[in-house]
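**Q** Structure file my_file11.txt, compact mmCIF, C-alpha atoms and all ligand atoms, is pasted below:
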```txt
# COMPACT_ATOMS: atom_id res chain seq x y z
CA MET A 7 25.42 -34.53 -37.26
CA CYS A 8 28.24 -32.02 -37.33
CA ILE A 9 31.88 -32.72 -36.75
CA ASP A 10 34.24 -29.94 -35.76
CA HIS A 11 37.32 -29.47 -37.90
CA LYS A 12 40.05 -27.00 -37.12
CA MET A 13 42.17 -25.59 -39.88
CA ILE A 14 45.17 -23.33 -39.90
CA CYS A 15 45.44 -20.50 -42.39
CA LYS A 16 48.13 -20.26 -45.02
CA CYS A 17 50.46 -18.04 -42.97
CA GLY A 18 49.97 -20.20 -39.89
CA THR A 19 48.90 -17.49 -37.44
CA HIS A 20 45.19 -18.21 -37.18
CA THR A 21 42.91 -21.18 -36.76
CA ALA A 22 39.31 -21.54 -37.85
CA SER A 23 36.76 -24.15 -36.92
CA PHE A 24 34.53 -25.56 -39.61
CA ASN A 25 31.22 -27.34 -39.65
CA PHE A 26 30.15 -29.72 -42.38
CA ARG A 27 26.41 -30.06 -42.42
CA ASP A 28 25.24 -33.67 -42.57
CA ASP A 29 28.88 -34.66 -43.14
CA ILE A 30 28.36 -34.54 -46.86
CA MET A 31 31.52 -32.63 -47.69
CA PRO A 32 34.85 -34.02 -46.55
CA ALA A 33 37.35 -31.65 -44.91
CA GLU A 34 39.36 -31.82 -48.15
CA VAL A 35 36.76 -29.54 -49.75
CA VAL A 36 38.72 -26.70 -48.14
CA ASN A 37 41.71 -26.31 -50.39
CA LYS A 38 43.26 -23.35 -48.57
CA LEU A 39 42.29 -20.99 -45.82
CA TYR A 40 43.43 -17.39 -45.59
CA CYS A 41 43.13 -15.18 -42.53
CA PRO A 42 42.98 -11.38 -42.83
CA ASN A 43 46.79 -11.31 -42.66
CA CYS A 44 47.46 -13.68 -45.51
CA SER A 45 44.41 -13.01 -47.70
CA SER A 46 45.59 -9.60 -48.90
CA ASP A 47 48.07 -10.84 -51.49
CA ILE A 48 46.03 -13.59 -53.11
CA ALA A 49 44.24 -13.40 -56.45
CA TYR A 50 40.58 -13.67 -55.53
CA ASN A 51 38.67 -16.18 -57.61
CA ALA A 52 34.90 -16.00 -57.10
CA GLY A 53 34.53 -19.40 -58.77
CA SER A 54 36.17 -21.21 -55.90
CA MET A 55 36.52 -18.70 -53.08
CA LEU A 56 34.34 -17.15 -50.45
CA ARG A 57 35.22 -13.97 -48.62
CA ASP A 58 34.06 -13.20 -45.10
CA ASN A 59 35.35 -10.16 -43.27
CA GLY A 60 38.93 -10.50 -44.46
CA TRP A 61 39.01 -14.28 -44.31
CA VAL A 62 38.99 -16.24 -47.53
CA ILE A 63 38.06 -19.89 -47.94
CA ASP A 64 39.38 -21.41 -51.12
CA PHE A 65 37.27 -24.47 -51.92
CA ASP A 66 38.36 -27.44 -53.93
CA MET A 67 35.40 -27.35 -56.28
CA GLU A 68 36.37 -30.70 -57.79
CA VAL A 69 35.92 -32.35 -54.41
CA ALA A 70 32.64 -30.46 -53.96
CA GLN A 71 31.48 -31.54 -57.40
CA PHE A 72 32.34 -35.13 -56.61
CA MET A 73 30.02 -35.07 -53.57
CA ALA A 74 27.37 -32.88 -55.17
CA HIS A 75 25.01 -35.76 -55.95
CA LYS A 76 24.24 -35.86 -52.21
CA LEU A 77 23.14 -32.21 -52.13
CA PRO A 78 19.57 -31.01 -52.73
CA GLY A 79 20.58 -29.80 -56.16
CA ALA A 80 21.24 -26.08 -56.07
CA PRO A 81 23.93 -24.55 -58.27
CA LEU A 82 27.19 -25.60 -56.68
CA THR A 83 29.01 -22.41 -55.73
CA PRO A 84 31.25 -21.36 -52.83
CA ASP A 85 28.35 -19.22 -51.55
CA TYR A 86 26.05 -22.21 -51.56
CA LEU A 87 28.52 -24.43 -49.70
CA PHE A 88 29.04 -21.75 -47.04
CA ASP A 89 25.54 -20.32 -46.65
CA GLN A 90 23.79 -23.69 -46.59
CA GLY A 91 26.24 -24.96 -44.00
CA TYR A 92 27.86 -27.73 -46.03
CA CYS A 93 31.22 -26.14 -45.34
CA THR A 94 31.03 -23.17 -43.05
CA TRP A 95 32.39 -21.65 -39.86
CA ARG A 96 31.44 -23.37 -36.69
CA GLY A 97 29.36 -20.52 -35.30
CA VAL A 98 29.20 -17.05 -36.80
CA TYR A 99 32.92 -16.49 -37.36
CA PRO A 100 36.10 -18.60 -37.34
CA MET A 101 36.73 -18.69 -33.57
CA ASP A 102 33.16 -18.11 -32.43
CA HIS A 103 32.63 -21.19 -30.29
CA ILE A 104 35.82 -20.56 -28.30
CA ASP A 105 35.06 -16.88 -27.67
CA SER A 106 31.44 -17.51 -26.82
CA VAL A 107 32.29 -20.13 -24.19
CA ARG A 108 34.68 -17.66 -22.57
CA GLU A 109 32.21 -14.78 -22.78
CA ARG A 110 29.49 -16.90 -21.27
CA GLU A 111 31.60 -18.04 -18.32
CA GLU A 112 30.90 -14.84 -16.41
CA LEU A 113 27.19 -15.18 -17.01
CA VAL A 114 27.18 -18.81 -15.93
CA LYS A 115 28.42 -17.73 -12.52
CA LEU A 116 25.41 -15.46 -12.28
CA SER A 117 23.07 -18.37 -13.08
CA LYS A 118 23.89 -19.90 -9.70
CA ILE A 119 23.20 -16.69 -7.81
CA ASN A 120 20.23 -15.29 -9.65
CA PRO A 121 18.70 -17.54 -12.34
CA LYS A 122 16.08 -15.01 -13.37
CA GLN A 123 18.58 -12.25 -13.92
CA TYR A 124 20.81 -14.77 -15.67
CA LEU A 125 18.12 -15.55 -18.24
CA ALA A 126 17.58 -11.87 -18.96
CA GLU A 127 21.33 -11.25 -19.20
CA ILE A 128 22.02 -14.19 -21.50
CA ARG A 129 19.24 -13.12 -23.82
CA LYS A 130 20.66 -9.61 -23.93
CA TRP A 131 24.15 -11.03 -24.44
CA GLY A 132 22.97 -13.04 -27.44
CA THR A 133 21.25 -10.09 -29.08
CA ASP A 134 24.01 -7.58 -28.37
CA ARG A 135 26.63 -10.00 -29.58
CA MET A 136 24.86 -10.68 -32.86
CA ASP A 137 24.44 -6.94 -33.41
CA ARG A 138 28.13 -6.42 -32.78
CA LEU A 139 29.14 -9.24 -35.14
CA ALA A 140 26.80 -7.92 -37.83
CA GLY A 141 28.39 -4.49 -37.39
CA GLU A 142 31.82 -6.03 -37.77
CA GLY A 143 30.66 -7.40 -41.11
CA TRP A 144 30.49 -11.16 -40.57
CA ARG A 145 28.50 -12.82 -43.27
CA LYS A 146 26.48 -15.15 -41.07
CA ALA A 147 25.58 -12.37 -38.61
CA ASN A 148 24.20 -10.36 -41.51
CA ALA A 149 22.31 -13.20 -43.14
CA GLY A 150 18.59 -12.58 -43.24
CA GLN A 151 18.87 -8.95 -42.17
ZN ZN B 1 47.00 -16.28 -42.16
```
For the structure just supplied, provide its representation as structure tokens.
**A**
Amino acid sequence: MCIDHKMICKCGTHTASFNFRDDIMPAEVVNKLYCPNCSSDIAYNAGSMLRDNGWVIDFDMEVAQFMAHKLPGAPLTPDYLFDQGYCTWRGVYPMDHIDSVREREELVKLSKINPKQYLAEIRKWGTDRMDRLAGEGWRKANAGQ
């Protein structure tokens, strides 16, 4: 089960939605969140931070360590928490699920008029979108490529 958590970045201008796979990590595992505006003047610490296309998640590794006995036992790193989904964006990037609902709205209208064309269009939309996000440099869009 996944619960959606919204968080506001340090400077307060952007919001990101998080997923916590299997609810193992509490939301407190995110110590601070930096958007591309407020991440430029922080000291990057690879031991607790993860960078994704200008965004930086600063994890509270003590909280992560405290819950680590519930994890399958890989080295506990920010990369592991993010890439395995224990604390990661909901979707491919911070506002993905909001944008994708809006982007799909147009296509949903088509589904009522021409279901067959709709299926082809939505498939194309998914592929094109992932290509675009990979090109923009999002970590999850580039995973496995
Ligand atoms: Zn910010």
**Q** Write out as a list in words each polymer residue whose atoms come within 9 Å of Asn148 of chain A, counting only C-alpha atoms; drop sequence neighbours fewer than 3 positions from it.
**A** Met136, Asp137, Leu139, Ala140, Gly141, Gly143, Trp144, Arg145 and Gln151 of chain A
**Q** List all protein, DNA and RNA residues that have at least one atom no more than 8 Å from any atom of ligand ZN 1 (chain B), counting all atoms listed in the file, and write them as a PyMOL selection string.
**A** chain A and resi 14-20+39-45
**Q** Since we have the selection now, will you write its residues out, keeping C-alpha atoms, as a short mmCIF file (atom, residue, chain, number, x, y, z; two decimals), in the frame of the given file?
**A**
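Listing of selection.cif after writing:
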```cif
data_model
loop_
_atom_site.label_atom_id
_atom_site.label_comp_id
_atom_site.auth_asym_id
_atom_site.auth_seq_id
_atom_site.Cartn_x
_atom_site.Cartn_y
_atom_site.Cartn_z
CA ILE A 14 45.17 -23.33 -39.90
CA CYS A 15 45.44 -20.50 -42.39
CA LYS A 16 48.13 -20.26 -45.02
CA CYS A 17 50.46 -18.04 -42.97
CA GLY A 18 49.97 -20.20 -39.89
CA THR A 19 48.90 -17.49 -37.44
CA HIS A 20 45.19 -18.21 -37.18
CA LEU A 39 42.29 -20.99 -45.82
CA TYR A 40 43.43 -17.39 -45.59
CA CYS A 41 43.13 -15.18 -42.53
CA PRO A 42 42.98 -11.38 -42.83
CA ASN A 43 46.79 -11.31 -42.66
CA CYS A 44 47.46 -13.68 -45.51
CA SER A 45 44.41 -13.01 -47.70
#
```
**Q** Residues proximal to (33.5, -19.5, -32.8) were defined as those with any atom within 12 Å of that point in the file's coordinates, counting only C-alpha atoms. Which are they, as a ChimeraX atom specification?
**A** /A:10-12,21-25,94-109,139,144,146
**Q** Determine, counting all atoms listed in the file, which protein, DNA and RNA residues have an atom within 10 Å of an atom of Met73 of chain A; residues of the same chain fewer than 3 positions away are not included. Present the result as a list in words.
**A**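 These residues fall inside the cut-off: Ile30, Met31, Pro32, Val35, Met67, Glu68, Val69, Ala70, Lys76 and Leu77 of chain A.
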**Q** Please measure the separation of atom CA of Asn51 of chain A and atom CA of Cys93 of chain A, giving the value in Å to one decimal.
**A**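 Result for atom CA of Asn51 of chain A versus atom CA of Cys93 of chain A: 17.5 Å, one decimal.
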**Q** Find, counting all atoms listed in the file, the residue in A:Lys115, A:Lys122, A:Arg110, A:Arg57 that gets nearest to Pro84 of chain A.
**A**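 Of A:Lys115, A:Lys122, A:Arg110, A:Arg57, the one nearest Pro84 of chain A is A:Arg57, counting all atoms listed in the file.
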**Q** Could you check the closest approach to Ser54 of chain A for each of A:Ala80, A:Ala74, A:Glu34, A:Leu87 and tell me which residue wins, using all atoms listed in the file?
**A**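 The closest residue to Ser54 of chain A is A:Leu87.
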**Q** Report, in Å to a single decimal, how far apart atom CA of Asp64 of chain A and atom CA of Ala49 of chain A are.
**A**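 Calculated distance between atom CA of Ala49 of chain A and atom CA of Asp64 of chain A is 10.8 Å.
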**Q** For a test of reading the model, state the distance in Å between atom CA of Met13 of chain A and atom CA of Ala33 of chain A, rounded to one decimal.
**A**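 Separation of atom CA of Met13 of chain A and atom CA of Ala33 of chain A: 9.2 Å.
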**Q** Compare A:Leu56, A:Phe72, A:Leu125, A:Trp61 by their minimum atom-to-atom distance to Tyr86 of chain A, counting only C-alpha atoms, and give me the closest one.
**A**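 Nearest candidate to Tyr86 of chain A out of A:Leu56, A:Phe72, A:Leu125, A:Trp61: A:Leu56.
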